[in-house]
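Pasting structure33.txt here (compact mmCIF, C-alpha atoms and all ligand atoms):
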# COMPACT_ATOMS: atom_id res chain seq x y z
CA MET X 18 -90.44 102.81 -70.61
CA PRO X 19 -87.69 104.10 -68.32
CA VAL X 20 -89.45 107.44 -67.82
CA VAL X 21 -92.67 105.73 -66.95
CA ALA X 22 -90.91 103.37 -64.58
CA ALA X 23 -89.17 106.24 -62.86
CA VAL X 24 -92.32 108.33 -62.58
CA ALA X 25 -94.10 105.27 -61.28
CA ALA X 26 -91.39 104.86 -58.65
CA LEU X 27 -91.83 108.50 -57.70
CA PHE X 28 -95.57 108.02 -57.35
CA ARG X 29 -95.04 104.90 -55.23
CA GLY X 30 -93.48 107.17 -52.65
CA GLY X 31 -89.80 107.17 -53.56
CA GLY X 32 -89.83 110.95 -53.31
CA SER X 33 -88.52 112.58 -50.17
CA GLY X 34 -91.58 114.82 -50.32
CA GLY X 35 -93.68 111.72 -49.89
CA ALA X 36 -96.10 112.48 -52.74
CA ARG X 37 -97.92 109.16 -52.81
CA ALA X 38 -100.48 108.59 -55.52
CA ALA X 39 -100.86 104.83 -55.62
CA TRP X 40 -104.26 105.21 -57.22
CA LEU X 41 -102.48 106.56 -60.30
CA MET X 42 -100.65 103.28 -60.83
CA PRO X 43 -103.21 101.65 -63.17
CA ALA X 44 -102.99 104.66 -65.49
CA VAL X 45 -99.18 104.62 -65.35
CA ALA X 46 -99.14 100.88 -66.04
CA ALA X 47 -101.46 101.35 -69.03
CA VAL X 48 -99.17 104.03 -70.48
CA ALA X 49 -96.17 101.76 -69.84
CA ALA X 50 -97.87 98.92 -71.73
CA LEU X 51 -98.60 101.24 -74.63
CA TRP X 52 -94.98 102.34 -74.73
CA ALA X 53 -93.75 98.77 -74.58
CA SER X 54 -95.75 97.96 -77.72
CA TRP X 55 -94.37 101.00 -79.56
CA PRO X 56 -91.84 100.32 -82.36
CA ALA X 57 -88.34 101.13 -81.09
CA ALA X 58 -87.46 104.58 -82.48
CA PRO X 59 -85.09 106.36 -80.14
CA ALA X 60 -86.07 110.02 -79.85
CA PHE X 61 -83.38 112.63 -80.49
CA ALA X 62 -81.12 109.82 -81.86
CA GLN X 63 -79.24 112.14 -84.23
CA GLU X 64 -77.97 114.16 -81.31
CA ALA X 65 -76.89 111.34 -79.01
CA PRO X 66 -73.09 111.70 -78.77
CA VAL X 67 -70.72 108.77 -78.21
CA ALA X 68 -69.35 110.12 -74.92
CA PRO X 69 -72.02 112.41 -73.49
CA PRO X 70 -70.75 115.78 -72.23
CA VAL X 71 -70.92 116.58 -68.52
CA VAL X 72 -73.79 118.81 -67.45
CA TRP X 73 -74.21 119.92 -63.86
CA VAL X 74 -77.73 120.29 -62.49
CA LEU X 75 -77.99 122.70 -59.55
CA ALA X 76 -81.42 122.36 -57.94
CA THR X 77 -83.10 125.21 -56.07
CA GLY X 78 -86.74 124.06 -55.75
CA GLY X 79 -89.83 125.54 -57.39
CA THR X 80 -92.83 123.94 -59.00
CA ILE X 81 -90.62 121.71 -61.14
CA SER X 82 -89.85 119.92 -57.86
CA GLY X 83 -93.36 120.37 -56.48
CA GLY X 84 -95.58 117.61 -55.13
CA GLY X 85 -99.36 117.70 -54.67
CA PRO X 86 -101.99 115.40 -53.19
CA SER X 87 -103.32 114.23 -56.58
CA SER X 88 -102.48 114.35 -60.28
CA THR X 89 -105.09 117.06 -60.80
CA SER X 90 -103.72 119.29 -58.04
CA LEU X 91 -102.31 121.83 -60.49
CA THR X 92 -102.47 124.87 -58.23
CA GLU X 93 -102.22 123.35 -54.76
CA TYR X 94 -98.94 121.65 -54.09
CA ARG X 95 -95.68 122.14 -52.22
CA ALA X 96 -92.74 123.58 -54.16
CA GLY X 97 -89.49 121.77 -53.42
CA ALA X 98 -91.09 118.44 -52.46
CA PHE X 99 -88.56 116.49 -54.57
CA SER X 100 -84.79 116.76 -54.66
CA GLY X 101 -82.66 117.47 -57.71
CA GLU X 102 -81.49 113.83 -57.63
CA GLU X 103 -85.10 112.68 -57.84
CA LEU X 104 -85.92 115.02 -60.72
CA VAL X 105 -82.93 113.73 -62.67
CA ALA X 106 -83.73 110.09 -61.82
CA ALA X 107 -87.26 110.58 -63.18
CA VAL X 108 -85.85 111.38 -66.66
CA PRO X 109 -83.51 108.50 -67.57
CA ASP X 110 -83.30 109.82 -71.16
CA LEU X 111 -81.01 112.54 -69.83
CA ALA X 112 -78.23 109.96 -69.83
CA ARG X 113 -78.36 109.79 -73.63
CA HIS X 114 -77.41 113.44 -73.86
CA ALA X 115 -75.20 114.14 -70.88
CA THR X 116 -73.40 112.74 -67.90
CA ILE X 117 -75.28 114.48 -65.13
CA ARG X 118 -73.81 115.69 -61.85
CA VAL X 119 -76.44 116.97 -59.41
CA GLU X 120 -76.20 119.32 -56.46
CA GLN X 121 -78.92 120.71 -54.23
CA VAL X 122 -78.34 124.43 -53.62
CA ALA X 123 -81.73 125.23 -52.07
CA ASN X 124 -85.20 123.70 -52.11
CA VAL X 125 -87.66 126.58 -51.90
CA GLY X 126 -90.46 128.25 -53.80
CA SER X 127 -88.77 130.99 -55.80
CA PRO X 128 -90.41 133.92 -53.97
CA ASN X 129 -88.02 132.85 -51.18
CA ILE X 130 -84.82 132.87 -53.22
CA THR X 131 -82.29 135.18 -51.52
CA PHE X 132 -79.22 137.22 -52.46
CA ASP X 133 -77.22 134.55 -50.60
CA ASP X 134 -78.64 131.94 -52.98
CA TRP X 135 -77.55 134.12 -55.93
CA LEU X 136 -74.03 134.45 -54.53
CA THR X 137 -73.88 130.71 -53.84
CA LEU X 138 -75.01 129.89 -57.38
CA ALA X 139 -72.65 132.38 -59.06
CA ARG X 140 -69.68 131.15 -57.01
CA ARG X 141 -70.49 127.47 -57.45
CA ILE X 142 -70.84 127.88 -61.23
CA ASP X 143 -67.50 129.71 -61.29
CA GLU X 144 -65.91 126.83 -59.33
CA ILE X 145 -67.45 124.24 -61.65
CA PHE X 146 -66.22 125.95 -64.81
CA ARG X 147 -62.75 126.57 -63.35
CA GLY X 148 -62.39 123.13 -61.77
CA ASP X 149 -64.18 120.83 -64.20
CA PRO X 150 -62.83 121.21 -67.74
CA GLU X 151 -65.23 118.44 -68.79
CA ALA X 152 -68.28 120.47 -67.79
CA ALA X 153 -70.12 121.53 -70.94
CA GLY X 154 -72.69 123.59 -69.08
CA VAL X 155 -74.83 124.07 -66.00
CA VAL X 156 -78.60 123.72 -65.62
CA ILE X 157 -80.40 125.37 -62.70
CA THR X 158 -83.84 124.10 -61.75
CA HIS X 159 -85.77 127.02 -60.28
CA GLY X 160 -89.25 128.26 -59.44
CA THR X 161 -90.67 130.28 -62.29
CA ASN X 162 -91.82 133.31 -60.27
CA THR X 163 -88.37 134.84 -59.85
CA LEU X 164 -86.50 132.70 -62.37
CA GLU X 165 -85.93 135.69 -64.67
CA GLU X 166 -84.27 137.62 -61.83
CA THR X 167 -81.84 134.83 -60.95
CA ALA X 168 -81.16 134.36 -64.68
CA TYR X 169 -80.35 138.05 -65.22
CA PHE X 170 -78.19 138.24 -62.08
CA LEU X 171 -76.14 135.27 -63.32
CA ASN X 172 -76.07 136.73 -66.85
CA LEU X 173 -74.24 139.71 -65.34
CA THR X 174 -71.97 137.89 -62.90
CA VAL X 175 -70.96 134.47 -64.29
CA ARG X 176 -67.88 135.39 -66.29
CA HIS X 177 -67.64 132.28 -68.44
CA ASP X 178 -68.65 131.39 -71.98
CA ARG X 179 -70.09 127.99 -71.23
CA PRO X 180 -73.89 127.84 -71.08
CA VAL X 181 -75.90 128.30 -67.91
CA VAL X 182 -79.53 127.35 -68.48
CA LEU X 183 -82.41 128.02 -66.09
CA VAL X 184 -85.45 125.80 -66.20
CA GLY X 185 -88.70 125.48 -64.29
CA ALA X 186 -92.19 124.14 -64.73
CA GLN X 187 -95.70 125.46 -64.51
CA ARG X 188 -97.12 122.16 -63.25
CA PRO X 189 -95.82 120.22 -60.26
CA ALA X 190 -93.95 116.93 -60.75
CA THR X 191 -96.99 114.95 -59.57
CA ALA X 192 -99.39 116.59 -62.06
CA ILE X 193 -100.97 114.94 -65.04
CA SER X 194 -99.03 116.25 -68.08
CA ALA X 195 -96.32 117.71 -65.86
CA ASP X 196 -94.11 119.92 -68.02
CA GLY X 197 -91.00 119.60 -65.83
CA PRO X 198 -89.47 116.38 -67.24
CA LEU X 199 -89.43 117.55 -70.88
CA ASN X 200 -88.32 121.04 -69.83
CA LEU X 201 -85.43 119.48 -67.88
CA LEU X 202 -84.46 117.26 -70.81
CA ASN X 203 -84.51 120.28 -73.16
CA ALA X 204 -82.50 122.40 -70.72
CA VAL X 205 -79.83 119.70 -70.42
CA ARG X 206 -79.70 119.28 -74.20
CA THR X 207 -79.24 123.06 -74.54
CA ALA X 208 -76.53 123.17 -71.85
CA ALA X 209 -74.73 120.36 -73.70
CA ALA X 210 -75.05 122.05 -77.11
CA PRO X 211 -71.87 123.72 -78.43
CA GLU X 212 -74.13 126.32 -80.16
CA ALA X 213 -75.26 127.58 -76.73
CA ARG X 214 -71.75 128.79 -75.84
CA GLY X 215 -71.28 132.53 -75.65
CA LYS X 216 -75.01 133.30 -75.71
CA GLY X 217 -75.23 134.34 -72.07
CA VAL X 218 -77.50 132.80 -69.48
CA LEU X 219 -80.50 131.12 -71.10
CA VAL X 220 -84.01 130.19 -70.01
CA VAL X 221 -85.43 127.04 -71.58
CA MET X 222 -89.10 126.15 -71.17
CA ASN X 223 -91.86 125.00 -73.46
CA ASP X 224 -89.28 124.02 -76.14
CA GLU X 225 -88.11 127.64 -76.48
CA ILE X 226 -84.75 129.22 -75.66
CA ASN X 227 -84.84 132.76 -74.29
CA ALA X 228 -82.10 135.21 -73.32
CA ALA X 229 -81.94 136.00 -69.60
CA ARG X 230 -81.98 139.76 -70.20
CA ASP X 231 -85.14 139.84 -72.27
CA VAL X 232 -87.32 137.05 -70.93
CA THR X 233 -90.11 137.54 -68.43
CA LYS X 234 -92.85 135.45 -66.88
CA THR X 235 -96.10 136.55 -68.53
CA SER X 236 -98.72 134.11 -67.30
CA THR X 237 -99.62 132.68 -63.93
CA TYR X 238 -100.43 129.12 -65.03
CA ARG X 239 -99.97 128.70 -68.81
CA VAL X 240 -97.00 126.57 -69.89
CA GLU X 241 -96.00 129.17 -72.53
CA THR X 242 -95.41 131.69 -69.74
CA PHE X 243 -91.82 132.75 -70.58
CA ARG X 244 -91.77 135.33 -73.36
CA SER X 245 -89.22 137.80 -74.64
CA ARG X 246 -92.04 139.93 -76.03
CA ASP X 247 -90.94 142.40 -78.80
CA LEU X 248 -87.41 141.04 -78.93
CA GLY X 249 -88.31 137.42 -79.44
CA PHE X 250 -86.78 134.17 -78.27
CA LEU X 251 -83.43 132.88 -79.50
CA GLY X 252 -84.29 129.41 -80.69
CA TYR X 253 -86.08 126.10 -80.31
CA VAL X 254 -85.33 122.75 -78.76
CA ASP X 255 -86.88 120.13 -81.02
CA GLY X 256 -86.58 116.38 -81.40
CA ASP X 257 -83.78 116.58 -83.94
CA ARG X 258 -81.62 119.33 -82.43
CA VAL X 259 -81.17 122.56 -80.51
CA SER X 260 -81.47 125.45 -83.01
CA PHE X 261 -80.45 129.07 -82.46
CA TYR X 262 -81.62 131.85 -84.81
CA ARG X 263 -80.20 134.89 -83.00
CA ALA X 264 -77.88 135.88 -80.17
CA PRO X 265 -77.95 138.60 -77.50
CA THR X 266 -76.03 141.76 -78.36
CA LYS X 267 -75.88 143.40 -74.92
CA ARG X 268 -72.88 142.68 -72.66
CA HIS X 269 -73.14 139.52 -70.56
CA THR X 270 -71.22 136.71 -68.83
CA ALA X 271 -67.64 136.54 -70.16
CA GLY X 272 -68.00 140.15 -71.37
CA SER X 273 -69.34 141.49 -68.07
CA GLU X 274 -67.46 143.91 -65.80
CA PHE X 275 -69.26 142.85 -62.62
CA ASP X 276 -67.01 140.99 -60.22
CA LEU X 277 -68.39 139.30 -57.12
CA THR X 278 -65.02 138.81 -55.43
CA GLY X 279 -65.42 139.78 -51.80
CA VAL X 280 -69.08 140.78 -52.25
CA THR X 281 -71.29 139.71 -49.33
CA GLU X 282 -74.20 142.12 -49.71
CA PHE X 283 -75.67 144.52 -52.24
CA PRO X 284 -76.74 148.16 -52.16
CA ALA X 285 -80.40 148.57 -51.23
CA VAL X 286 -82.53 149.19 -54.32
CA ASP X 287 -86.32 149.09 -54.33
CA VAL X 288 -89.06 149.38 -56.94
CA VAL X 289 -91.96 151.86 -56.76
CA TYR X 290 -94.96 151.15 -58.98
CA SER X 291 -96.77 154.15 -60.51
CA TYR X 292 -100.54 154.57 -60.86
CA VAL X 293 -103.22 157.26 -60.68
CA GLU X 294 -103.03 159.27 -57.44
CA PRO X 295 -99.95 157.54 -56.04
CA ASN X 296 -99.11 157.80 -52.36
CA PRO X 297 -95.83 159.77 -52.05
CA VAL X 298 -95.24 158.13 -48.68
CA LEU X 299 -93.71 155.13 -50.46
CA ILE X 300 -90.94 157.20 -52.04
CA GLU X 301 -90.52 159.36 -48.92
CA THR X 302 -90.16 156.30 -46.73
CA LEU X 303 -87.55 154.72 -48.98
CA ILE X 304 -85.56 157.95 -49.02
CA ALA X 305 -85.84 158.28 -45.24
CA GLU X 306 -84.63 154.66 -44.95
CA GLY X 307 -81.55 155.69 -46.89
CA VAL X 308 -81.92 153.33 -49.85
CA ASP X 309 -79.15 153.54 -52.44
CA GLY X 310 -81.41 153.37 -55.44
CA ILE X 311 -85.04 153.44 -56.55
CA VAL X 312 -86.44 151.97 -59.76
CA LEU X 313 -89.64 153.61 -60.89
CA ALA X 314 -92.09 151.30 -62.64
CA GLY X 315 -93.47 154.34 -64.41
CA THR X 316 -96.56 154.58 -66.56
CA GLY X 317 -96.21 154.35 -70.35
CA ALA X 318 -92.73 155.31 -71.47
CA GLY X 319 -91.49 155.52 -67.87
CA LEU X 320 -93.31 158.66 -66.70
CA VAL X 321 -94.29 159.50 -63.14
CA SER X 322 -96.80 161.91 -61.63
CA ARG X 323 -96.23 165.38 -60.17
CA VAL X 324 -96.70 163.88 -56.71
CA GLU X 325 -93.88 161.38 -57.19
CA ARG X 326 -91.62 163.97 -58.81
CA ALA X 327 -92.10 166.32 -55.89
CA ALA X 328 -91.11 163.53 -53.49
CA LEU X 329 -88.03 162.83 -55.63
CA GLU X 330 -87.15 166.53 -55.82
CA ARG X 331 -86.95 166.59 -52.06
CA ALA X 332 -84.36 163.81 -52.36
CA ALA X 333 -82.47 165.83 -54.96
CA ALA X 334 -81.89 168.44 -52.24
CA LEU X 335 -79.97 165.88 -50.13
CA PRO X 336 -76.16 165.76 -50.33
CA ALA X 337 -75.08 163.50 -53.22
CA THR X 338 -73.97 160.70 -50.87
CA GLY X 339 -77.38 160.47 -49.16
CA ARG X 340 -79.40 160.62 -52.38
CA PRO X 341 -80.72 157.47 -54.04
CA VAL X 342 -79.97 156.96 -57.72
CA ILE X 343 -83.23 156.85 -59.66
CA VAL X 344 -83.78 154.61 -62.69
CA ARG X 345 -86.90 154.94 -64.83
CA SER X 346 -88.40 151.68 -65.98
CA ASN X 347 -92.04 151.13 -66.89
CA ARG X 348 -95.04 148.99 -66.10
CA THR X 349 -96.14 148.25 -69.67
CA GLY X 350 -94.15 145.05 -70.10
CA SER X 351 -92.42 146.00 -73.35
CA GLY X 352 -90.75 148.83 -75.22
CA ARG X 353 -87.88 151.18 -74.36
CA VAL X 354 -87.64 153.88 -71.75
CA VAL X 355 -85.48 156.56 -73.35
CA PRO X 356 -83.69 159.54 -71.79
CA LEU X 357 -85.93 162.64 -71.57
CA PRO X 358 -84.50 166.07 -70.70
CA ALA X 359 -87.03 166.81 -67.97
CA TYR X 360 -86.06 163.61 -66.13
CA ASP X 361 -82.37 163.64 -67.03
CA GLU X 362 -82.01 167.12 -65.49
CA GLN X 363 -83.21 165.62 -62.22
CA GLY X 364 -80.46 163.02 -62.47
CA MET X 365 -82.71 160.13 -63.44
CA ILE X 366 -81.44 157.32 -65.64
CA ALA X 367 -83.42 155.64 -68.43
CA GLY X 368 -83.80 151.88 -67.99
CA ASP X 369 -84.10 151.03 -71.72
CA THR X 370 -86.00 147.73 -72.18
CA LEU X 371 -85.20 146.30 -68.75
CA ASN X 372 -88.32 145.57 -66.74
CA PRO X 373 -88.36 147.02 -63.20
CA GLN X 374 -87.13 143.86 -61.47
CA LYS X 375 -84.21 143.54 -63.87
CA ALA X 376 -83.39 147.26 -63.81
CA ARG X 377 -83.16 146.80 -60.04
CA ILE X 378 -80.55 144.04 -60.38
CA LEU X 379 -78.43 146.06 -62.81
CA LEU X 380 -78.65 149.11 -60.54
CA MET X 381 -77.62 147.00 -57.49
CA LEU X 382 -74.55 145.72 -59.33
CA ALA X 383 -73.75 149.16 -60.77
CA LEU X 384 -73.99 150.83 -57.35
CA ALA X 385 -71.70 148.19 -55.87
CA LYS X 386 -69.04 149.58 -58.25
CA THR X 387 -69.73 153.27 -58.67
CA ARG X 388 -71.99 156.17 -57.76
CA ASP X 389 -71.02 158.20 -60.78
CA LEU X 390 -74.22 158.94 -62.72
CA ASP X 391 -72.51 159.05 -66.11
CA ASP X 392 -70.93 155.65 -65.46
CA ILE X 393 -74.28 154.21 -64.35
CA ARG X 394 -75.87 155.68 -67.53
CA ARG X 395 -73.20 153.91 -69.57
CA ILE X 396 -73.92 150.65 -67.75
CA PHE X 397 -77.61 150.95 -68.58
CA ARG X 398 -76.74 151.47 -72.26
CA GLU X 399 -74.35 148.54 -72.43
CA TYR X 400 -76.08 145.73 -70.49
N1 LIG W 501 -94.38 129.11 -56.84
C1 LIG W 501 -93.50 128.59 -57.79
C2 LIG W 501 -92.11 129.17 -57.62
O1 LIG W 501 -91.81 130.19 -58.17
C3 LIG W 501 -93.96 128.77 -59.17
C4 LIG W 501 -93.19 127.93 -60.10
O2 LIG W 501 -92.15 127.42 -59.84
O3 LIG W 501 -93.68 127.78 -61.23
O4 LIG W 501 -91.33 128.57 -56.93
What is this file in C-alpha cells?
Ligand code: ASP
Amino acid sequence: MPVVAAVAALFRGGGSGGARAAWLMPAVAAVAALWASWPAAPAFAQEAPVAPPVVWVLATGGTISGGGPSSTSLTEYRAGAFSGEELVAAVPDLARHATIRVEQVANVGSPNITFDDWLTLARRIDEIFRGDPEAAGVVITHGTNTLEETAYFLNLTVRHDRPVVLVGAQRPATAISADGPLNLLNAVRTAAAPEARGKGVLVVMNDEINAARDVTKTSTYRVETFRSRDLGFLGYVDGDRVSFYRAPTKRHTAGSEFDLTGVTEFPAVDVVYSYVEPNPVLIETLIAEGVDGIVLAGTGAGLVSRVERAALERAAALPATGRPVIVRSNRTGSGRVVPLPAYDEQGMIAGDTLNPQKARILLMLALAKTRDLDDIRRIFREY
C-alpha cells in the first residue's frame, strides 16, 4: 500500500519534473485495492533490524529519476525529472531497512557526468564516513550509461571499508514496471548489509551485486544490462537476505594508493577504437594536442594495425615528457590483454581485463602520481 500511495502521489504531479499521468490513477487504484486485500506478510521481515542503520543516498540523475509523458514511454523521457528526495519518498519500505539521509549532488543524464561530479562524490563520501560514524553505507543513484565509470573511479579513490553502492534503472520512474524502486530498495539493503563491507564499490541492479571493476553495461534497454561477463557477479539480493558468494581480489577502496587531496583536474587520457583501415589522424591529433595518455581499444587481444603503430612510433620519437603513455585494452568486451614483447618494446602497457573506459580511469589516476612506466605497469597489475 505505501508504495502504491507514493507512486500515485508522484503521478498526481507531486514530482518536481511535473510528470502528470492522471489517467493512470484507475490502474493504480486497482493495484492498491488488490494489495489491501492481500494477507499481511511483510516482505524481507527476517532482515528488518530493530534500529535501522543509516544509509546516505546521493542522487545524480539518470533514468532512475526520469519522467516521461506516459507509462509506456520507455525510451522517450527526461532523465533527472525527479529529485533524490522524491525517489526515496516513492519507496516507503526503505524505512524498514535503513534510516535514509538524502542529498542531491547532480541531476543529469549520465553522459553529462563530469570529473567535478566525481570529485564532489568522492569528497562527500569521505566526509560522510569520517563525520557520521552511524553511516553504514552510501548509495548513489546514477544514469546507467556511465555508471560503471563513476563506480570504478570511486572504487579507486574512496579509501574506506564501508559500502558504496551505485544503482540505476533501465526504465524511467513513470514507466509501467519501472525497475528503479526495487533496484533502489536492493541497493539500500546492500549498503546496510555488514557483509558488503570491504568488497569495494558495488553496482546493484536487477537483484544482482557486481564489483565496480568488472561490471559493464551490456544492453541498451534490457533490465539485465549490468554484467561482469567471464568473472561473474558477486551475489544476489533476494527477499530473505543479501548474499555474497565471492569478493574482489584486486586492490580497491581502503587498500588503494590513489589520494585525491589537492586534486582539481586529471591528466588528459583518451580512447582510440581500432577497426579495419583506421584513420591515423585520430592518434596523430591526440599526440599533437599533447595528451598524457592514450588507451587503445584494440582488436582481439589488444592488437592494433600497422597504420596505428606507425602513428604511435612517431610519438615514441618525442622526448619522454611529451610522449603519451599508451595502454592496450580491447574492444571484445571480455578476456585479458597480456604483455606482448612487440608492444612492450614500444613502451605500451597491457590493460589486463579492464575495458577501455576503465583502463582510461586507471591511467588518469596513475599519471596523476607518476610517469614511470614500470610503476604504471605495476598499477595495471594490481588494480
Ligand atoms: N540516459 C540514461 C543515463 O545514463 C540512461 C540510464 O540512466 O539508464 O543517464
Write out as JSON lines the residues of range 229-325 of chain X that have any atom within 8 Å of an atom of range 339-353 of chain X, one row each with the nearest atom pair and its distance in Å to one decimal, counting all atoms listed in the file, sorted by chain and then rising number.
{"residue": "X:Arg246", "atom": "CA", "partner": "X:Ser351", "partner_atom": "CA", "distance": 6.6}
{"residue": "X:Asp247", "atom": "CA", "partner": "X:Ser351", "partner_atom": "CA", "distance": 6.7}
{"residue": "X:Tyr290", "atom": "CA", "partner": "X:Arg348", "partner_atom": "CA", "distance": 7.4}
{"residue": "X:Ser291", "atom": "CA", "partner": "X:Arg348", "partner_atom": "CA", "distance": 7.8}
{"residue": "X:Ile304", "atom": "CA", "partner": "X:Pro341", "partner_atom": "CA", "distance": 7.0}
{"residue": "X:Gly307", "atom": "CA", "partner": "X:Gly339", "partner_atom": "CA", "distance": 6.7}
{"residue": "X:Val308", "atom": "CA", "partner": "X:Pro341", "partner_atom": "CA", "distance": 6.0}
{"residue": "X:Asp309", "atom": "CA", "partner": "X:Pro341", "partner_atom": "CA", "distance": 4.5}
{"residue": "X:Gly310", "atom": "CA", "partner": "X:Pro341", "partner_atom": "CA", "distance": 4.4}
{"residue": "X:Ile311", "atom": "CA", "partner": "X:Ile343", "partner_atom": "CA", "distance": 5.0}
{"residue": "X:Val312", "atom": "CA", "partner": "X:Val344", "partner_atom": "CA", "distance": 4.8}
{"residue": "X:Leu313", "atom": "CA", "partner": "X:Arg345", "partner_atom": "CA", "distance": 5.0}
{"residue": "X:Ala314", "atom": "CA", "partner": "X:Asn347", "partner_atom": "CA", "distance": 4.3}
{"residue": "X:Gly315", "atom": "CA", "partner": "X:Asn347", "partner_atom": "CA", "distance": 4.3}
{"residue": "X:Thr316", "atom": "CA", "partner": "X:Asn347", "partner_atom": "CA", "distance": 5.7}
{"residue": "X:Gly317", "atom": "CA", "partner": "X:Thr349", "partner_atom": "CA", "distance": 6.1}
{"residue": "X:Ala318", "atom": "CA", "partner": "X:Asn347", "partner_atom": "CA", "distance": 6.2}
{"residue": "X:Gly319", "atom": "CA", "partner": "X:Asn347", "partner_atom": "CA", "distance": 4.5}
{"residue": "X:Leu320", "atom": "CA", "partner": "X:Asn347", "partner_atom": "CA", "distance": 7.6}
Chain X residues near ligand LIG 501 (chain W) within 7 Å, closest pair each, using all atoms listed in the file, as a Markdown table:
| residue | atom | partner | partner_atom | distance |
| --- | --- | --- | --- | --- |
| X:Gly78 | CA | W:LIG501 | O4 | 6.5 |
| X:Gly79 | CA | W:LIG501 | O4 | 3.4 |
| X:Thr80 | CA | W:LIG501 | O2 | 3.6 |
| X:Ile81 | CA | W:LIG501 | O2 | 6.1 |
| X:Ala96 | CA | W:LIG501 | O4 | 5.9 |
| X:Val125 | CA | W:LIG501 | O4 | 6.5 |
| X:Gly126 | CA | W:LIG501 | O4 | 3.3 |
| X:Ser127 | CA | W:LIG501 | O4 | 3.7 |
| X:Pro128 | CA | W:LIG501 | O1 | 5.8 |
| X:His159 | CA | W:LIG501 | O2 | 6.4 |
| X:Gly160 | CA | W:LIG501 | O2 | 3.0 |
| X:Thr161 | CA | W:LIG501 | O2 | 4.0 |
| X:Asn162 | CA | W:LIG501 | O1 | 3.8 |
| X:Thr163 | CA | W:LIG501 | O1 | 6.0 |
| X:Gly185 | CA | W:LIG501 | O2 | 6.0 |
| X:Ala186 | CA | W:LIG501 | O3 | 5.3 |
| X:Gln187 | CA | W:LIG501 | O3 | 4.5 |
| X:Arg188 | CA | W:LIG501 | O3 | 6.9 |
When distances are computed from only C-alpha atoms, which of X:Ser273, X:Thr278, X:Gln121, X:Thr191 shows the smallest separation from Glu93 in chain X?
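Of X:Ser273, X:Thr278, X:Gln121, X:Thr191, the one nearest Glu93 in chain X is X:Thr191, counting only C-alpha atoms.
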Between X:Arg118, X:Pro189, X:Val71, X:Tyr292, single out the one closest to Tyr238 in chain X, counting all atoms listed in the file.
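Of X:Arg118, X:Pro189, X:Val71, X:Tyr292, the one nearest Tyr238 in chain X, counting all atoms listed in the file, is X:Pro189.
If you measure from each of X:Glu325, X:Asp287, X:Asp391, X:Asp231 to Asp369 in chain X using only C-alpha atoms, the closest one turns out to be X:Asp231.
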Given the choices X:Leu104, X:Leu201, X:Ile226, X:Leu384, which gets closest to Gly252 in chain X if the distance is worked out from only C-alpha atoms?
X:Ile226
